[in-house]
file target.cif (mmCIF, C-alpha atoms)
data_upload
loop_
_atom_site.label_atom_id
_atom_site.label_comp_id
_atom_site.auth_asym_id
_atom_site.auth_seq_id
_atom_site.Cartn_x
_atom_site.Cartn_y
_atom_site.Cartn_z
CA MET M 1 0.00 0.00 0.00
CA ASP M 2 1.47 3.33 -1.00
CA PHE M 3 1.30 6.76 0.52
CA ILE M 4 -0.90 9.09 -1.51
CA ASP M 5 0.08 12.74 -1.87
CA TYR M 6 -3.36 14.33 -1.86
CA TYR M 7 -1.92 17.78 -2.48
CA LYS M 8 -0.27 16.55 -5.61
CA VAL M 9 -3.50 14.90 -6.75
CA LEU M 10 -5.18 18.30 -6.69
CA GLY M 11 -2.12 20.06 -8.09
CA LEU M 12 -1.44 21.94 -4.85
CA THR M 13 1.32 22.35 -2.32
CA LYS M 14 1.11 21.66 1.37
CA GLY M 15 0.35 25.19 2.47
CA ALA M 16 -2.69 25.55 0.23
CA SER M 17 -5.57 27.57 1.67
CA GLU M 18 -9.06 26.20 2.10
CA LYS M 19 -10.16 28.37 -0.78
CA GLU M 20 -7.44 27.08 -3.06
CA ILE M 21 -8.35 23.48 -2.27
CA LYS M 22 -11.99 24.12 -3.02
CA LYS M 23 -11.13 25.84 -6.26
CA ALA M 24 -8.73 23.16 -7.42
CA TYR M 25 -11.19 20.43 -6.58
CA ARG M 26 -14.06 22.08 -8.43
CA LYS M 27 -11.93 22.71 -11.44
CA MET M 28 -10.77 19.12 -11.63
CA ALA M 29 -14.23 17.72 -10.94
CA ARG M 30 -15.51 19.64 -13.95
CA LYS M 31 -12.79 18.16 -16.05
CA TYR M 32 -13.01 14.54 -14.95
CA HIS M 33 -16.68 14.16 -14.05
CA PRO M 34 -17.73 10.70 -15.32
CA ASP M 35 -20.86 12.10 -16.92
CA LEU M 36 -18.69 14.29 -19.11
CA ASN M 37 -16.27 11.50 -19.94
CA PRO M 38 -18.33 8.55 -21.09
CA ASN M 39 -16.49 5.22 -21.33
CA ASP M 40 -13.27 6.82 -20.15
CA LYS M 41 -11.74 4.62 -17.48
CA GLU M 42 -8.82 6.97 -16.90
CA ALA M 43 -11.11 9.93 -16.21
CA GLU M 44 -13.17 7.80 -13.87
CA LYS M 45 -10.10 6.77 -11.94
CA LYS M 46 -8.93 10.35 -11.76
CA PHE M 47 -12.35 11.50 -10.58
CA LYS M 48 -12.21 8.96 -7.79
CA GLN M 49 -8.76 10.17 -6.78
CA ILE M 50 -9.70 13.84 -6.65
CA ASN M 51 -12.79 13.01 -4.63
CA GLU M 52 -10.68 11.13 -2.17
CA ALA M 53 -8.20 14.00 -2.00
CA ASN M 54 -11.03 16.42 -1.41
CA GLU M 55 -12.53 14.20 1.25
CA VAL M 56 -9.29 14.51 3.18
CA LEU M 57 -8.05 18.02 2.42
CA GLY M 58 -11.52 19.56 2.41
CA ASP M 59 -12.14 18.34 5.94
CA ALA M 60 -10.22 20.26 8.63
CA GLU M 61 -9.92 17.30 10.98
CA LYS M 62 -8.81 14.80 8.37
CA ARG M 63 -6.41 17.26 6.86
CA LYS M 64 -4.80 17.89 10.23
CA LYS M 65 -4.30 14.21 10.79
CA TYR M 66 -2.99 13.72 7.28
CA ASP M 67 -0.53 16.61 7.62
CA GLN M 68 0.58 15.43 11.04
CA TYR M 69 1.45 11.90 10.10
CA GLY M 70 2.32 12.55 6.52
CA LYS M 71 4.54 9.85 5.20
CA ASP M 72 4.72 8.24 8.61
CA TRP M 73 1.06 7.47 8.35
CA GLU M 74 1.76 3.83 9.07
CA HIS M 75 2.43 4.70 12.69
CA ALA M 76 -0.90 6.39 13.06
CA ASP M 77 -3.22 4.73 15.54
CA ALA M 78 -5.81 4.19 12.93
CA PHE M 79 -3.54 1.81 11.14
CA GLU M 80 -3.81 -0.99 13.62
CA LYS M 81 -7.52 -0.62 13.93
CA ALA M 82 -8.20 -0.53 10.26
CA LYS M 83 -5.88 -3.40 9.50
CA LYS M 84 -8.47 -5.74 10.84
CA GLU M 85 -11.17 -4.54 8.55
CA ARG M 86 -8.95 -4.40 5.54
CA SER M 87 -10.27 -7.27 3.54
CA ARG M 88 -12.71 -5.54 1.32
CA SER M 89 -14.47 -7.08 -1.56
CA SER M 90 -14.57 -5.45 -4.94
CA ALA M 91 -17.76 -4.80 -6.81
CA PHE M 92 -17.42 -7.69 -9.17
CA GLY M 93 -16.76 -11.34 -8.80
CA GLY M 94 -14.46 -13.22 -11.04
CA GLY M 95 -15.31 -14.87 -14.29
CA GLY M 96 -18.01 -17.43 -14.16
CA TYR M 97 -16.80 -19.50 -17.03
CA GLU M 98 -13.56 -21.29 -17.35
CA GLY M 99 -11.26 -19.93 -20.00
CA TYR M 100 -12.72 -16.46 -20.09
CA SER M 101 -11.36 -13.49 -18.32
CA TYR M 102 -13.88 -11.08 -17.05
CA SER M 103 -13.34 -7.77 -15.41
CA GLY M 104 -15.84 -5.28 -14.23
CA ASP M 105 -15.34 -1.80 -12.96
CA GLN M 106 -14.73 -1.26 -9.38
CA SER M 107 -17.47 0.63 -7.72
CA THR M 108 -17.03 4.34 -8.23
CA ASP M 109 -17.41 4.74 -4.48
CA ASP M 110 -14.28 2.82 -3.64
CA PHE M 111 -11.58 4.76 -1.87
CA SER M 112 -7.99 3.62 -1.71
CA ASP M 113 -6.64 1.25 0.91
CA PHE M 114 -4.49 4.12 2.10
CA PHE M 115 -7.59 6.18 2.84
CA ASN M 116 -9.40 3.35 4.51
CA THR M 117 -6.42 2.51 6.66
CA MET M 118 -5.86 6.06 7.78
CA PHE M 119 -9.42 7.25 8.17
CA GLY M 120 -11.54 4.14 8.43
CA GLY M 121 -14.89 4.74 6.82
CA ARG M 122 -15.97 7.74 4.82
CA SER M 123 -18.40 10.54 5.43
CA GLN M 124 -21.23 11.52 3.17
CA ARG M 125 -20.04 14.97 2.33
CA SER M 126 -18.04 14.57 -0.81
CA GLN M 127 -19.40 14.35 -4.29
CA ARG M 128 -19.96 10.86 -5.39
CA ARG M 129 -22.35 8.95 -7.46
CA GLN M 130 -24.82 8.11 -4.80
CA VAL M 131 -27.88 6.25 -5.95
CA LYS M 132 -30.83 8.58 -5.61
CA PHE M 133 -33.46 6.70 -7.58
CA ARG M 134 -32.43 4.49 -10.47
CA GLY M 135 -29.72 1.96 -9.64
CA GLN M 136 -26.15 2.27 -10.86
CA ASP M 137 -25.21 0.91 -14.25
CA TYR M 138 -22.50 -1.71 -14.22
CA ASN M 139 -19.90 -2.02 -16.92
CA ALA M 140 -18.02 -5.20 -17.54
CA GLU M 141 -15.66 -6.45 -20.14
CA LEU M 142 -15.82 -9.98 -21.42
CA GLN M 143 -12.91 -11.41 -23.29
CA LEU M 144 -13.62 -14.00 -25.94
CA GLY M 145 -11.53 -15.81 -28.45
CA LEU M 146 -12.60 -15.36 -32.04
CA MET M 147 -13.95 -18.89 -32.20
CA ASP M 148 -16.12 -18.25 -29.13
CA ALA M 149 -17.87 -15.57 -31.13
CA TYR M 150 -18.43 -18.01 -33.97
CA ILE M 151 -21.30 -19.88 -32.37
CA THR M 152 -24.19 -18.48 -30.35
CA HIS M 153 -23.77 -19.76 -26.84
CA LYS M 154 -24.81 -19.13 -23.31
CA GLN M 155 -22.48 -18.19 -20.56
CA THR M 156 -22.88 -17.68 -16.84
CA LEU M 157 -21.35 -14.59 -15.30
CA THR M 158 -21.02 -13.80 -11.65
CA ILE M 159 -21.84 -10.21 -10.88
CA ASN M 160 -22.00 -9.07 -7.27
CA ASN M 161 -22.33 -12.67 -6.19
CA LYS M 162 -25.32 -13.16 -8.42
CA ASN M 163 -25.15 -15.52 -11.34
CA ILE M 164 -26.71 -14.41 -14.54
CA ARG M 165 -26.88 -16.38 -17.70
CA ILE M 166 -26.44 -14.44 -20.90
CA THR M 167 -26.60 -15.40 -24.51
CA ILE M 168 -23.66 -14.37 -26.61
CA PRO M 169 -24.87 -14.11 -30.20
CA ALA M 170 -22.61 -15.41 -32.92
CA GLY M 171 -20.92 -12.66 -34.90
CA VAL M 172 -20.49 -10.25 -32.01
CA GLU M 173 -17.87 -7.59 -32.82
CA ASP M 174 -14.77 -6.60 -30.95
CA GLY M 175 -15.66 -3.57 -28.85
CA GLN M 176 -19.39 -4.13 -29.15
CA THR M 177 -21.47 -3.48 -26.06
CA ILE M 178 -24.69 -5.21 -25.15
CA LYS M 179 -27.13 -4.04 -22.52
CA ILE M 180 -28.72 -6.39 -20.05
CA GLN M 181 -31.61 -4.54 -18.58
CA GLY M 182 -32.16 -4.50 -14.86
CA HIS M 183 -28.97 -6.32 -13.92
CA GLY M 184 -27.14 -3.29 -12.60
CA GLY M 185 -27.27 -1.97 -9.05
CA PRO M 186 -30.56 -1.80 -7.13
CA GLY M 187 -32.68 1.34 -7.28
CA VAL M 188 -33.84 3.20 -4.21
CA HIS M 189 -37.27 4.66 -3.30
CA GLY M 190 -38.98 2.49 -5.90
CA GLY M 191 -36.56 3.40 -8.67
CA PRO M 192 -35.71 0.73 -11.23
CA ASN M 193 -32.46 -1.22 -11.17
CA GLY M 194 -29.59 -0.05 -13.29
CA ASP M 195 -28.48 -1.97 -16.35
CA LEU M 196 -25.50 -4.16 -16.99
CA TYR M 197 -23.37 -3.26 -19.98
CA ILE M 198 -21.06 -5.92 -21.31
CA THR M 199 -18.37 -4.91 -23.75
CA PHE M 200 -16.81 -7.71 -25.73
CA SER M 201 -13.13 -7.81 -26.28
CA ILE M 202 -12.43 -10.33 -28.98
CA VAL M 203 -8.97 -11.78 -29.27
CA ASN M 204 -8.13 -13.03 -32.70
CA ASN M 205 -5.35 -15.58 -32.68
CA THR M 206 -6.25 -17.06 -36.03
CA ALA M 207 -4.56 -16.54 -39.36
CA PHE M 208 -7.64 -14.66 -40.56
CA LYS M 209 -8.29 -10.96 -40.38
CA ARG M 210 -11.85 -10.13 -39.60
CA GLU M 211 -13.89 -7.18 -40.66
CA GLY M 212 -17.46 -7.63 -39.50
CA GLU M 213 -18.77 -10.73 -41.17
CA ASN M 214 -15.98 -11.02 -43.73
CA LEU M 215 -12.67 -12.77 -43.26
CA TYR M 216 -9.42 -12.07 -45.07
CA LYS M 217 -6.35 -14.20 -45.55
CA THR M 218 -3.23 -14.11 -47.69
CA GLU M 219 -2.21 -17.33 -49.36
CA GLU M 220 1.14 -17.98 -50.95
CA ILE M 221 1.22 -19.80 -54.31
CA SER M 222 4.20 -20.96 -56.26
CA LEU M 223 5.34 -19.19 -59.41
CA ILE M 224 4.56 -22.26 -61.48
CA LYS M 225 1.04 -22.54 -60.07
CA ALA M 226 0.45 -18.88 -60.77
CA VAL M 227 1.56 -19.29 -64.36
CA LEU M 228 0.18 -22.70 -65.22
CA GLY M 229 -2.74 -22.84 -62.82
CA GLY M 230 -3.66 -25.82 -60.66
CA GLU M 231 -5.28 -27.01 -57.52
CA ILE M 232 -4.35 -25.85 -54.03
CA THR M 233 -5.75 -26.71 -50.62
CA ILE M 234 -6.36 -23.92 -48.16
CA SER M 235 -7.78 -23.90 -44.67
CA THR M 236 -10.85 -21.86 -43.87
CA LEU M 237 -11.85 -20.97 -40.33
CA THR M 238 -13.57 -24.30 -39.84
CA GLY M 239 -12.10 -26.67 -42.37
CA VAL M 240 -10.21 -27.04 -45.62
CA VAL M 241 -11.25 -26.37 -49.20
CA LYS M 242 -9.73 -27.08 -52.58
CA LEU M 243 -9.25 -24.10 -54.84
CA ASN M 244 -8.52 -23.97 -58.50
CA VAL M 245 -5.90 -21.39 -59.32
CA LYS M 246 -6.45 -20.07 -62.82
CA PRO M 247 -3.53 -20.00 -65.26
CA ASN M 248 -1.75 -16.63 -65.43
CA THR M 249 -2.87 -15.59 -61.96
CA GLN M 250 -1.38 -12.20 -61.08
CA ASN M 251 0.28 -11.38 -57.80
CA GLY M 252 -2.30 -9.83 -55.41
CA THR M 253 -5.29 -11.48 -57.08
CA LYS M 254 -8.27 -11.72 -54.76
CA VAL M 255 -10.76 -14.55 -54.76
CA LYS M 256 -14.00 -14.64 -52.83
CA LEU M 257 -15.22 -17.78 -51.13
CA LYS M 258 -18.87 -17.12 -50.61
CA GLY M 259 -20.31 -18.06 -47.25
CA GLN M 260 -16.93 -19.09 -45.79
CA GLY M 261 -16.68 -15.98 -43.62
CA PHE M 262 -17.89 -15.18 -40.14
CA PRO M 263 -21.50 -15.54 -38.97
CA LYS M 264 -23.64 -12.45 -39.48
CA TYR M 265 -24.65 -10.88 -36.19
CA LYS M 266 -28.17 -11.90 -35.22
CA LYS M 267 -28.84 -13.42 -38.62
CA ASP M 268 -29.01 -17.08 -37.90
CA GLY M 269 -27.40 -19.34 -40.48
CA GLN M 270 -26.04 -16.46 -42.60
CA PHE M 271 -22.35 -16.04 -43.13
CA GLY M 272 -20.06 -13.48 -44.65
CA ASP M 273 -17.39 -14.28 -47.22
CA LEU M 274 -13.77 -15.28 -47.08
CA PHE M 275 -11.40 -13.30 -49.28
CA ILE M 276 -8.14 -14.91 -50.26
CA THR M 277 -5.35 -12.77 -51.64
CA TYR M 278 -2.68 -14.65 -53.57
CA THR M 279 0.95 -13.73 -53.26
CA VAL M 280 3.13 -15.34 -55.83
CA LYS M 281 6.32 -16.72 -54.41
CA ILE M 282 9.37 -16.05 -56.56
CA PRO M 283 11.93 -18.83 -56.08
CA THR M 284 15.02 -17.81 -54.09
CA TYR M 285 17.06 -20.75 -55.23
CA LEU M 286 17.21 -22.49 -58.61
CA THR M 287 18.94 -25.72 -59.47
CA PRO M 288 21.32 -25.49 -62.46
CA ARG M 289 18.72 -27.33 -64.51
CA GLN M 290 15.94 -24.88 -63.49
CA LYS M 291 18.19 -21.96 -64.25
CA GLU M 292 18.87 -23.39 -67.65
CA LEU M 293 15.16 -23.68 -68.33
CA PHE M 294 14.55 -20.09 -67.24
CA GLU M 295 17.31 -18.92 -69.53
CA GLU M 296 15.65 -20.89 -72.25
CA LEU M 297 12.38 -19.10 -71.44
CA ALA M 298 14.11 -15.76 -71.44
CA LYS M 299 15.01 -16.28 -75.04
CA THR M 300 11.30 -16.47 -75.86
CA ASN M 301 10.88 -12.85 -74.68
CA LEU M 302 8.60 -13.90 -71.82
CA MET K 303 -38.75 -8.83 -22.65
CA MET K 304 -38.61 -5.04 -22.53
CA ASN K 305 -40.19 -4.11 -19.28
CA THR K 306 -41.49 -0.64 -20.01
CA TYR K 307 -42.93 1.49 -17.37
CA TYR K 308 -43.47 5.07 -16.47
CA ILE K 309 -42.34 6.95 -13.44
CA THR K 310 -44.15 9.87 -11.94
CA ILE K 311 -42.17 13.05 -11.86
CA LYS K 312 -43.30 13.48 -8.29
CA ASP K 313 -41.61 10.23 -7.20
CA PHE K 314 -38.49 10.97 -9.17
CA CYS K 315 -38.09 14.45 -7.76
CA SER K 316 -38.79 13.54 -4.16
CA SER K 317 -36.23 10.76 -4.35
CA HIS K 318 -33.66 13.17 -5.76
CA GLU K 319 -34.77 16.03 -3.52
CA ILE K 320 -35.17 18.37 -6.45
CA GLU K 321 -37.95 20.68 -7.57
CA GLU K 322 -40.37 19.30 -10.15
CA SER K 323 -39.88 22.50 -12.10
CA PHE K 324 -36.37 21.34 -12.97
CA VAL K 325 -37.75 18.39 -14.94
CA PHE K 326 -40.37 20.55 -16.64
CA THR K 327 -37.76 23.05 -17.70
CA LEU K 328 -35.64 20.24 -19.13
CA SER K 329 -38.64 19.11 -21.12
CA GLU K 330 -39.10 22.66 -22.45
CA TYR K 331 -35.53 22.40 -23.69
CA ASP K 332 -36.48 19.07 -25.32
CA LEU K 333 -33.98 17.24 -23.18
CA VAL K 334 -36.58 14.89 -21.69
CA THR K 335 -40.07 13.91 -22.75
CA VAL K 336 -42.79 14.35 -20.19
CA GLU K 337 -46.06 12.48 -20.70
CA ILE K 338 -49.37 13.32 -19.13
CA GLN K 339 -51.90 10.68 -18.14
CA GLU K 340 -54.93 11.57 -16.05
CA GLN K 341 -53.35 14.81 -14.92
CA GLU K 342 -50.27 13.05 -13.62
CA HIS K 343 -46.88 13.76 -15.20
CA TYR K 344 -44.69 10.84 -16.12
CA ILE K 345 -41.37 10.10 -17.71
CA HIS K 346 -40.45 6.89 -19.41
CA GLN K 347 -37.99 4.60 -17.70
CA GLU K 348 -35.70 4.80 -20.71
CA GLU K 349 -35.29 8.53 -20.07
CA LEU K 350 -34.05 8.02 -16.55
CA PRO K 351 -30.30 7.62 -17.20
CA LYS K 352 -30.26 10.81 -19.25
CA LEU K 353 -32.36 12.70 -16.74
CA GLU K 354 -30.26 11.57 -13.79
CA LYS K 355 -27.13 12.60 -15.64
CA MET K 356 -28.57 16.10 -16.04
CA VAL K 357 -29.44 16.24 -12.36
CA ARG K 358 -25.91 15.19 -11.39
CA LEU K 359 -24.25 17.67 -13.70
CA HIS K 360 -26.51 20.39 -12.39
CA GLN K 361 -25.96 19.52 -8.75
CA ASP K 362 -22.31 18.41 -8.81
CA LEU K 363 -20.92 21.00 -11.17
CA GLY K 364 -23.48 23.78 -11.01
CA ILE K 365 -24.19 23.65 -14.73
CA ASN K 366 -27.22 25.65 -15.78
CA LEU K 367 -29.85 24.60 -18.28
CA GLU K 368 -28.20 26.20 -21.28
CA GLY K 369 -25.01 24.40 -20.34
CA LEU K 370 -26.86 21.10 -19.96
CA GLU K 371 -28.35 21.48 -23.39
CA ALA K 372 -24.96 22.13 -24.92
CA ILE K 373 -23.42 19.21 -23.02
CA HIS K 374 -26.22 16.93 -24.13
CA HIS K 375 -25.49 17.64 -27.77
CA LEU K 376 -21.76 17.34 -27.34
CA LEU K 377 -22.07 14.02 -25.53
CA GLU K 378 -24.24 12.69 -28.32
CA LYS K 379 -21.51 13.67 -30.71
CA VAL K 380 -18.83 12.08 -28.55
CA GLU K 381 -20.74 8.81 -28.49
CA GLN K 382 -21.22 8.88 -32.23
CA MET K 383 -17.55 9.50 -32.73
CA GLN K 384 -16.59 6.75 -30.32
CA SER K 385 -18.57 4.20 -32.26
CA GLU K 386 -17.10 5.50 -35.48
CA VAL K 387 -13.58 5.19 -34.08
CA ASN K 388 -14.35 1.65 -33.03
CA LEU K 389 -15.61 0.80 -36.48
CA LEU K 390 -12.54 2.29 -38.11
CA LYS K 391 -10.25 0.46 -35.69
CA ASN K 392 -11.86 -2.82 -36.64
CA LYS K 393 -11.42 -1.98 -40.31
CA LEU K 394 -7.80 -0.99 -39.83
CA ARG K 395 -6.94 -4.28 -38.18
CA LYS K 396 -7.22 -5.88 -41.60
CA TRP K 397 -4.09 -4.03 -42.68
CA GLU K 398 -2.05 -4.70 -39.58
CA GLU K 399 0.64 -7.30 -39.85
#
call {"tool": "encode", "arguments": {"input": "target.cif", "output": "structure tokens"}}
result
Amino acid sequence: MDFIDYYKVLGLTKGASEKEIKKAYRKMARKYHPDLNPNDKEAEKKFKQINEANEVLGDAEKRKKYDQYGKDWEHADAFEKAKKERSRSSAFGGGGYEGYSYSGDQSTDDFSDFFNTMFGGRSQRSQRRQVKFRGQDYNAELQLGLMDAYITHKQTLTINNKNIRITIPAGVEDGQTIKIQGHGGPGVHGGPNGDLYITFSIVNNTAFKREGENLYKTEEISLIKAVLGGEITISTLTGVVKLNVKPNTQNGTKVKLKGQGFPKYKKDGQFGDLFITYTVKIPTYLTPRQKELFEELAKTNL
Amino acid sequence: MMNTYYITIKDFCSSHEIEESFVFTLSEYDLVTVEIQEQEHYIHQEELPKLEKMVRLHQDLGINLEGLEAIHHLLEKVEQMQSEVNLLKNKLRKWEE
């Protein structure tokens, strides 16, 4: 656990006046307020930090204690007391499904261990995203391999110790977010629950590039095959196919394999296409006999 | 499975400890839609996240209604741009080695 320089967090020095602290805090809150920085984890983290700094420096008693112990905070009485209540649980449980990593945001109300150790609990006075009616929205990231996004499947996630079973539709995109209504934090005074937003992070370890429902791959063919044509075998995402290379195929030629792409999102049974780009491999070594034959060819003005 | 329901402005405002007039002014600025049924004023559940965001910005940062309107439009633009960036990123990946 590290010491946190709350003055530095607010861009101030130790002798800052009450007015300066207030001003610095307000200025930074306007800059990093989560409502003004949607989907910005860094801003959210920063907002949390400045709130924590303000909670300490904006409160005469806490500030006095903080200034007094400073870097020797570990010797403060509070340390021993708080040590016992240190084990705090984060807002989200771990992944519910083997092989997937799953991370949610920490609650925006979480203060640092340093704060909790030095000051115990927190007061109600600082700005924070308190639930006033509708429950808090939760954001989570779910990491999938490309092949996991190939077939519609169900998965169980553990969120705040509750298991929920979600359907992951085939063809989901990297960075796509789905909303699961009512699975966020509880509302208060009869307000509805918040929603759960799951953003997919799709890791593509395959030889294919994906763009939506289409897949792309580069395939090397020999010079002879490019010139004379012939059959080649290539692997698609789920199997192998035989392709007929036409005679006189140019370097960079693209062929389309209809329906061999990725599933279309929420269009059951429909697939995109697979595009193969040929690169013609020029030999780097020729046997004397091959060289002779090429020289022979050269004479034909090829 | 969309569970749609309406919330009375009275309930919303008492829970937030704000004046009802705040919500009505927002609706005059076309930032929320207020519906009237049997002389009671309601907002749709779907409007709640937006409305609560306005309340927070107003209360936390002291932003006035003109400011909220401007922020609302800018945030819409930010979200649009974010999804465009995401789309372009996915397209670009095709060219990465």
call {"tool": "residues_around", "arguments": {"input": "target.cif", "residues": "His189 of chain M", "least_positions_apart": "2", "cutoff": "12 Å", "atoms": "only C-alpha atoms", "output": "list in words"}}
result
Val131, Lys132, Phe133, Arg134, Gly135, Pro186, Gly187, Gly191, Pro192 and Asn193 of chain M; Ile309, Lys312, Asp313, Phe314, Cys315, Ser316, Ser317, His318 and Glu319 of chain K
call {"tool": "resolve_selection", "arguments": {"input": "target.cif", "expression": "the PyMOL selection byres ((chain M) within 8 of (chain K))", "output": "ChimeraX atom specification"}}
result
/M:26,29-30,35-36,38,127,132-134,174-175,188-189,191-192,209-212,216
call {"tool": "atom_distance", "arguments": {"input": "target.cif", "atom1": "atom CA of Gly230 of chain M", "atom2": "atom CA of Val245 of chain M"}}
result
5.1 Å
call {"tool": "atom_distance", "arguments": {"input": "target.cif", "atom1": "atom CA of Ile50 of chain M", "atom2": "atom CA of Val9 of chain M"}}
result
6.3 Å
call {"tool": "residues_around", "arguments": {"input": "target.cif", "residues": "segment 344-346 of chain K", "least_positions_apart": "5", "cutoff": "8 Å", "atoms": "all atoms listed in the file", "output": "list in words"}}
result
Thr306, Tyr307, Tyr308, Ile309, Thr310, Ile311, Val334, Thr335, Val336, Glu337, Ile338 and Gln339 of chain K
call {"tool": "atom_distance", "arguments": {"input": "target.cif", "atom1": "atom CA of Leu370 of chain K", "atom2": "atom CA of Phe111 of chain M"}}
result
28.8 Å
call {"tool": "resolve_selection", "arguments": {"input": "target.cif", "expression": "the PyMOL selection byres ((chain M and resi 241) around 12)", "output": "ChimeraX atom specification"}}
result
/M:231-240,242-244,257,260,274,276
call {"tool": "write_last_selection", "arguments": {"input": "target.cif", "atoms": "C-alpha atoms", "output": "short mmCIF file (atom, residue, chain, number, x, y, z; two decimals), in the coordinates of the input"}}
result
data_model
loop_
_atom_site.label_atom_id
_atom_site.label_comp_id
_atom_site.auth_asym_id
_atom_site.auth_seq_id
_atom_site.Cartn_x
_atom_site.Cartn_y
_atom_site.Cartn_z
CA GLU M 231 -5.28 -27.01 -57.52
CA ILE M 232 -4.35 -25.85 -54.03
CA THR M 233 -5.75 -26.71 -50.62
CA ILE M 234 -6.36 -23.92 -48.16
CA SER M 235 -7.78 -23.90 -44.67
CA THR M 236 -10.85 -21.86 -43.87
CA LEU M 237 -11.85 -20.97 -40.33
CA THR M 238 -13.57 -24.30 -39.84
CA GLY M 239 -12.10 -26.67 -42.37
CA VAL M 240 -10.21 -27.04 -45.62
CA LYS M 242 -9.73 -27.08 -52.58
CA LEU M 243 -9.25 -24.10 -54.84
CA ASN M 244 -8.52 -23.97 -58.50
CA LEU M 257 -15.22 -17.78 -51.13
CA GLN M 260 -16.93 -19.09 -45.79
CA LEU M 274 -13.77 -15.28 -47.08
CA ILE M 276 -8.14 -14.91 -50.26
#
call {"tool": "resolve_selection", "arguments": {"input": "target.cif", "expression": "the PyMOL selection byres ((chain M and resi 251) around 10)", "output": "list in words"}}
result
Glu220, Ile221, Leu223, Ala226, Asn248, Thr249, Gln250, Gly252, Thr253, Lys254, Thr277, Tyr278, Thr279, Val280 and Lys281 of chain M
call {"tool": "closest_residue", "arguments": {"input": "target.cif", "among": "K:Leu328, K:Gln382, K:Val387, K:Glu321", "to": "Asn366 of chain K", "atoms": "all atoms listed in the file"}}
result
K:Leu328
call {"tool": "closest_residue", "arguments": {"input": "target.cif", "among": "M:Tyr265, M:Phe275, M:Phe200, M:Glu141", "to": "Thr218 of chain M", "atoms": "all atoms listed in the file"}}
result
M:Phe275
call {"tool": "residues_around", "arguments": {"input": "target.cif", "residues": "Lys62 of chain M", "least_positions_apart": "3", "cutoff": "12 Å", "atoms": "all atoms listed in the file", "output": "PyMOL selection string"}}
result
chain M and resi 6+52-59+65-70+78+115+118-123
call {"tool": "residues_around", "arguments": {"input": "target.cif", "residues": "Ala149 of chain M", "least_positions_apart": "5", "cutoff": "12 Å", "atoms": "only C-alpha atoms", "output": "list in words"}}
result
Leu142, Gln143, Leu144, Lys154, Gln155, Thr167, Ile168, Pro169, Ala170, Gly171, Val172, Glu173, Asp174, Gln176, Phe200, Ser201, Ile202, Val203, Asn204, Arg210, Gly212, Glu213, Phe262, Pro263, Lys264, Tyr265 and Lys266 of chain M
call {"tool": "residues_around", "arguments": {"input": "target.cif", "residues": "Ser17 of chain M", "least_positions_apart": "6", "cutoff": "12 Å", "atoms": "all atoms listed in the file", "output": "list in words"}}
result
Tyr7, Lys23, Ala24, Leu57, Gly58, Ala60 and Arg63 of chain M
